[in-house]
Protein chains: 2
Amino acid sequence: MSIERIQGGVTAAKGFKAACCAAGIKYQGRTDMAMLYSDAPCAVAGTFTSNVVKAAPVIWDRDIVKNSGVARAVVVNAGIANAATGPAGLDTCRQTADCAAEALGIPADQVLLGSTGVIGPNLPMDRIAAGVAAMAGALSDTPEAGTDASRAIMTTDTVNKECAVAFELPAAGGQGAVKVHLGGMSKGSGMIHPNMCTMLGYVTTDCAIDRALLQRTLSAVVPDTFNMISVDGDTSTNDTLLLLANGAAGNAPIAGEGEAYETFVEALFTVCRELAVKMAGDGEGATHLMEMRVTGADTKDHARALARSVVGSSLVKAMVFGKDANCGRILCALGYAGVDFDPAVIELYLVGEKEDLCFYRDGRVQDFDEEKALAMLSEKAVRFVCDMAMGDAEATAWGCDLTYDYVKINGDYRS
Amino acid sequence: MSIERIQGGVTAAKGFKAACCAAGIKYQGRTDMAMLYSDAPCAVAGTFTSNVVKAAPVIWDRDIVKNSGVARAVVVNAGIANAATGPAGLDTCRQTADCAAEALGIPADQVLLGSTGVIGPNLPMDRIAAGVAAMAGALSDTPEAGTDASRAIMTTDTVNKECAVAFELPAAGGQGAVKVHLGGMSKGSGMIHPNMCTMLGYVTTDCAIDRALLQRTLSAVVPDTFNMISVDGDTSTNDTLLLLANGAAGNAPIAGEGEAYETFVEALFTVCRELAVKMAGDGEGATHLMEMRVTGADTKDHARALARSVVGSSLVKAMVFGKDANCGRILCALGYAGVDFDPAVIELYLVGEKEDLCFYRDGRVQDFDEEKALAMLSEKAVRFVCDMAMGDAEATAWGCDLTYDYVKINGDYRS
């Protein structure tokens with residue numbers, strides 16, 4: 001299987017269009033709404049926040065994914081989360097879907113919704129309605145339309161996030177191969193933690209694939225991508241990841257496991273991992289991307305728990321910000337991950353381009369070259385690896401440093 | 001039962017002496033070692049870090065508590081944690097205990113040890129030995145000696161922490177009552193999280209009490225005191241809480257549950273809660289103490305988990321720092337505590353001296369007076385209460401805000 005990186009995001013796949021607008025929901029002088037639209041009905045898969053307090057659009061989308069599993073459009077706004085808004089919040093969802101349905105000439109229960117921003121306030125329905133109408137008339141399948149949409153859904157993000165790939169699958173009818181596309185966009189910067197972050201992610205593909213299988217691919221890919229990033233340990237009320245497949249590529253529909261399925265999973269993994277890592281590196285106030293790889297664990301779950309514990313540690317995050325090789329904190333974070341291991345046999349390294357620096361081995365912190373460590377900790381991406389010496393399982397988690405700016409951004413988020 | 005607050009700390013109980021010295025282990029121009037000593041052998045109880053990576057003194061103390069359960073002295077140092085030091089670290093423990101045993105004329109296996117500071121380096125044994133010898137000759141039972149000891153064990157703490165109480169119990173022999181004392185000191189500021197923090201805590205009492213019962217009192221009190229505070233979510237390698245009882249008060253020994261036992265538990269709870277809250281309020285860089293009380297939960301464990309989730313949330317902590325009434329973040333933190341509840345029926349309040357401010361009710365964020373909220377959030381202690389409307393269980397957790405100074409302190413801790 002060969003997965004090719006291509007330019008673009010949500011409009012990379014055939015038959016998908018996007019639009020955005022400045023609806024003035026909370027931000028001034030920037031776009032704050034996005035719409036995705038597919039010429040043909042899509043099979044849709046999704047994963048949502050595990051938070052008990054679920055935002056209204058999460059409840060709305062979950063129903064669609066669970067029941068019909070078919071969608072044609074997505075409407076997203078930034079600025080207000082439509083969470084903790086009670087029955088009024090669900091009314092807003094219904095009205096927004098009705099507006100989009102009328103403007104696009106599709107059923108309202110094929111309109112997915114997403115919101116991100118402040119928890120509590122109600123959405124201004126008049127501005128939402130005006131935005132939906134404007135976007136329905138401005139849909140475009142250009143790469144620029146996808147990029148603009150990825151910008152419109154940003155909150156405290158400093159850069160937009162998109163990624164796309166292409167790959168070949170057998171054509172429908174059995175004659176040769178067709179090119180299939182899969183691309184996505186995401187936003188997320190604060191309130192980011194394993195098991196979905198305050199993130200919204202939308203991935204579109206023109207692949208023809210069975211709906212149940214589509215959900216299975218998403219469930220296979222999320223544990224090692226979106227669920228392996230952490231910015232601040234806060235799992236939000238609004239986390240949503242949607243995957244829409246419209247079949248426009250003309251491939252022989254994937255109806256079971258096998259080579260085509262594996263290729264599709266690999267493509268989805270590539271896009272989801274890149275979107276996830278981009279979110280981790282763009283954590284609120286972040287100056288470094290932090291990567292923690294755990295090898296030699298006894299089980300995959302243990303490897304994941306160990307890696308996530310490190311990228312979630314405030315002390316490790318502050319140490320990365322300070323470029324301080326205080327490696328005892330990494331050991332400490334491994335130690336409280338809830339996984340048993342033998343501290344006498346594990347080995348911890350700071351990973352470099354040319355060589356790795358051994359921080360810990362033989363049960364004790366090693367003498368290492370502090371200048372080399374400082375140089376390596378001054379890179380934009382800081383990478384650690386720990387061999388647990390227990391088995392073959394491994395996992396990687398991504399996070400960012402904890403900075404003055406994180407505190408500043410979150411000390412006064414509402415204003 | 002009547003528990004009276006009294007001045008003092010670890011020397012408040014009869015027969016306990018303390019000393020400290022400037023051993024020059026890491027800090028300059030301040031004391032950095034403390035010694036506690038009891039005229040008579042003490043029954044000892046303890047709780048220790050759950051971190052898989054345990055510092056050498058934790059391993060040392062745990063053996064004593066588990067095996068003989070008898071101690072006469074405690075030697076503590078600040079600056080270096082003696083963690084991740086391998087077999088050399090345990091050698092240092094043995095040598096330190098031998099020094100103290102010789103200087104005090106007691107068995108080495110009755111010397112408890114504690115260390116706090118940077119993980120990795122070895123302790124300088126010559127300075128430790130000189131410090132032990134100096135302290136053995138300077139022991140005093142004055143309140144000042146206790147206070148000085150509580151200062152010597154500080155790391156990034158900004159204030160020393162001590163607390164003492166007195167209460168009456170029936171005298172041995174059955175004639176009237178005797179006064180019993182219980183006092184303690186603790187340190188802890190960063191790496192503080194439920195299930196023991198980077199904290200060292202030492203509580204002494206002249207109460208006569210059965211050793212097994214002593215451990216039971218500690219286990220009864222810790223879950224709602226030291227395990228209910230969080231500064232940064234990091235459970236350290238060195239957490240230790242020791243309780244020493246020498247029986248010098250002359251009370252009828254407590255040998256089973258009953259009124260005397262209940263009084264003792266209440267006294268211990270009072271001291272442990274005060275020490276714990278003092279640590280939470282002195283969290284690294286903190287400008288506010290945060291208290292989260294959960295009422296109406298279905299079980300005690302759920303109440304604790306909900307309360308701890310809120311005080312552990314980086315976003316809630318940053319919001320308290322910014323005096324920003326962004327109450328959706330509290331809801332969000334309750335929602336990912338791993339406890340099921342109905343968001344439509346819970347009620348969340350900001351607690352004031354005169355009146356409480358309703359943040360959330362009837363499934364939605366309420367309109368509240370922002371000026372009043374700002375005034376209440378400007379107090380040194382910020383208190384929230386949430387009624388889960390499920391049952392009668394309640395719990396309180398304490399934490400602090402997340403500030404620029406936390407990041408600064410931890411960005412370059414080793415230097």
# chains A, B, ... in the order shown; residues from 1 in each chain; ligands from 1
$ select_by_dssp --residues "stretch 242-301 of chain B" --states "alpha helix (DSSP H)" --output "VMD selection string"
chain B and resid 259 to 281 300 to 301
$ closest_atom_pairs --of "chain A" --to "chain B" --cutoff "6 Å" --atoms "only C-alpha atoms" --output "Markdown table"
| residue | atom | partner | partner_atom | distance |
| --- | --- | --- | --- | --- |
| A:Asn51 | CA | B:Tyr336 | CA | 4.7 |
| A:Val52 | CA | B:Gly335 | CA | 4.4 |
| A:Val53 | CA | B:Gly335 | CA | 5.1 |
| A:Ala84 | CA | B:Arg364 | CA | 4.7 |
| A:Thr85 | CA | B:Arg364 | CA | 4.6 |
| A:Gly86 | CA | B:Gly363 | CA | 4.7 |
| A:Ile119 | CA | B:Gly328 | CA | 4.9 |
| A:Gly120 | CA | B:Val365 | CA | 5.1 |
| A:Ala318 | CA | B:Gly411 | CA | 4.7 |
| A:Met319 | CA | B:Gly411 | CA | 4.6 |
| A:Phe321 | CA | B:Gly411 | CA | 5.8 |
| A:Gly322 | CA | B:Gly411 | CA | 3.9 |
| A:Asp324 | CA | B:Asp412 | CA | 5.8 |
| A:Gly328 | CA | B:Ile119 | CA | 4.9 |
| A:Gly335 | CA | B:Val52 | CA | 4.4 |
| A:Tyr336 | CA | B:Asn51 | CA | 4.7 |
| A:Gly363 | CA | B:Gly86 | CA | 4.7 |
| A:Arg364 | CA | B:Thr85 | CA | 4.6 |
| A:Val365 | CA | B:Gly120 | CA | 5.1 |
| A:Tyr404 | CA | B:Tyr404 | CA | 5.1 |
| A:Val407 | CA | B:Ala318 | CA | 5.7 |
| A:Asn410 | CA | B:Ala318 | CA | 5.4 |
| A:Gly411 | CA | B:Gly322 | CA | 3.9 |
| A:Asp412 | CA | B:Gly322 | CA | 5.5 |
$ closest_residue --among "A:Cys20, A:Leu113, A:Ala307, A:Cys207" --to "A:Asn227" --atoms "only C-alpha atoms"
A:Ala307
$ residues_around --residues "stretch 74-76 of chain B" --least-positions-apart "3" --cutoff "6 Å" --atoms "only C-alpha atoms" --output "MDAnalysis selection string"
chainID B and resid 33:36 111:115
$ write_last_selection --atoms "N, CA and C atoms" --output "short mmCIF file (atom, residue, chain, number, x, y, z; two decimals), in the first residue's frame"
data_model
loop_
_atom_site.label_atom_id
_atom_site.label_comp_id
_atom_site.auth_asym_id
_atom_site.auth_seq_id
_atom_site.Cartn_x
_atom_site.Cartn_y
_atom_site.Cartn_z
N MET B 33 18.27 20.63 57.11
CA MET B 33 18.07 19.32 57.72
C MET B 33 17.30 19.48 59.02
N ALA B 34 16.47 18.49 59.34
CA ALA B 34 15.73 18.50 60.60
C ALA B 34 15.82 17.13 61.24
N MET B 35 15.75 17.11 62.57
CA MET B 35 15.74 15.85 63.32
C MET B 35 14.61 15.90 64.34
N LEU B 36 13.89 14.81 64.45
CA LEU B 36 12.91 14.65 65.53
C LEU B 36 13.39 13.51 66.41
N VAL B 111 15.48 4.57 63.33
CA VAL B 111 15.68 5.91 62.74
C VAL B 111 14.94 5.98 61.40
N LEU B 112 13.91 6.79 61.34
CA LEU B 112 13.18 7.02 60.10
C LEU B 112 13.86 8.14 59.31
N LEU B 113 13.69 8.09 57.97
CA LEU B 113 14.37 9.07 57.12
C LEU B 113 13.39 9.73 56.16
N GLY B 114 13.71 10.93 55.73
CA GLY B 114 12.89 11.60 54.72
C GLY B 114 13.76 12.52 53.88
N SER B 115 13.49 12.58 52.58
CA SER B 115 14.24 13.47 51.69
C SER B 115 13.27 14.14 50.73
#
$ closest_residue --among "B:Ala267, B:Leu182, B:Ala260, B:Val277" --to "B:Ala12" --atoms "only C-alpha atoms"
B:Leu182
$ residues_around --residues "A:Asn246" --least-positions-apart "2" --cutoff "9 Å" --atoms "only C-alpha atoms" --output "ChimeraX atom specification"
/A:13-16,38-44,72,204-209,244,248-249
$ write_last_selection --atoms "C-alpha atoms" --output "mmCIF file, in the first residue's frame"
data_model
loop_
_atom_site.group_PDB
_atom_site.id
_atom_site.type_symbol
_atom_site.label_atom_id
_atom_site.label_comp_id
_atom_site.auth_asym_id
_atom_site.auth_seq_id
_atom_site.Cartn_x
_atom_site.Cartn_y
_atom_site.Cartn_z
ATOM 1 C CA ALA A 13 -11.870 14.305 -1.862
ATOM 2 C CA LYS A 14 -14.136 14.395 -4.903
ATOM 3 C CA GLY A 15 -17.629 15.744 -4.454
ATOM 4 C CA PHE A 16 -16.944 17.734 -1.278
ATOM 5 C CA SER A 38 -21.233 16.601 -0.235
ATOM 6 C CA ASP A 39 -22.870 16.269 -3.627
ATOM 7 C CA ALA A 40 -23.942 12.753 -2.706
ATOM 8 C CA PRO A 41 -25.157 11.314 0.616
ATOM 9 C CA CYS A 42 -22.280 10.176 2.831
ATOM 10 C CA ALA A 43 -21.855 7.273 5.183
ATOM 11 C CA VAL A 44 -20.795 8.893 8.432
ATOM 12 C CA ARG A 72 -24.831 15.540 3.473
ATOM 13 C CA THR A 204 -13.868 13.565 4.248
ATOM 14 C CA THR A 205 -13.173 10.849 1.721
ATOM 15 C CA ASP A 206 -14.491 9.838 -1.660
ATOM 16 C CA CYS A 207 -13.863 6.210 -0.824
ATOM 17 C CA ALA A 208 -16.790 3.824 -1.186
ATOM 18 C CA ILE A 209 -16.963 1.874 2.057
ATOM 19 C CA LEU A 244 -17.751 11.291 5.957
ATOM 20 C CA ALA A 248 -17.346 9.398 -5.429
ATOM 21 C CA ALA A 249 -13.936 7.876 -6.182
#
$ atom_distance --atom1 "atom CA of A:Gly174" --atom2 "atom CA of A:Glu266"
22.1 Å
$ residues_around --residues "B:Gln95" --least-positions-apart "5" --cutoff "9 Å" --atoms "only C-alpha atoms" --output "number ranges by chain"
B: 90, 100, 125, 129
$ select_by_dssp --residues "stretch 86-168 of chain A" --states "strand (DSSP E)" --output "list of chain:residue names"
A:Val111, A:Leu112, A:Leu113, A:Gly114, A:Ser115, A:Thr116, A:Gly117, A:Val118, A:Lys161, A:Glu162, A:Cys163, A:Ala164, A:Val165, A:Ala166, A:Phe167, A:Glu168
$ residues_around --residues "A:Ala22" --least-positions-apart "4" --cutoff "6 Å" --atoms "only C-alpha atoms" --output "PyMOL selection string"
chain A and resi 30-32
$ write_last_selection --atoms "C-alpha atoms" --output "CSV table (one decimal), in the first residue's frame"
chain,number,residue,atom,x,y,z
A,30,ARG,CA,-12.5,37.1,11.2
A,31,THR,CA,-14.5,34.2,9.9
A,32,ASP,CA,-16.2,32.1,12.5
$ atom_distance --atom1 "atom CA of B:Ala23" --atom2 "atom CA of B:Ala101"
18.4 Å
$ residues_around --residues "B:Met154" --least-positions-apart "3" --cutoff "9 Å" --atoms "only C-alpha atoms" --output "list in words"
Asp32, Ala78, Gly79, Thr116, Ser150, Arg151, Asp157, Thr158, Val159, Asn160, Ser186, Lys187, Gly188 and Ser189 of chain B
$ closest_residue --among "B:Ala172, B:Met290, B:Ile106, B:Ala305" --to "B:Glu379" --atoms "only C-alpha atoms"
B:Met290
$ atom_distance --atom1 "atom CA of A:Thr396" --atom2 "atom CA of A:Tyr261"
23.6 Å
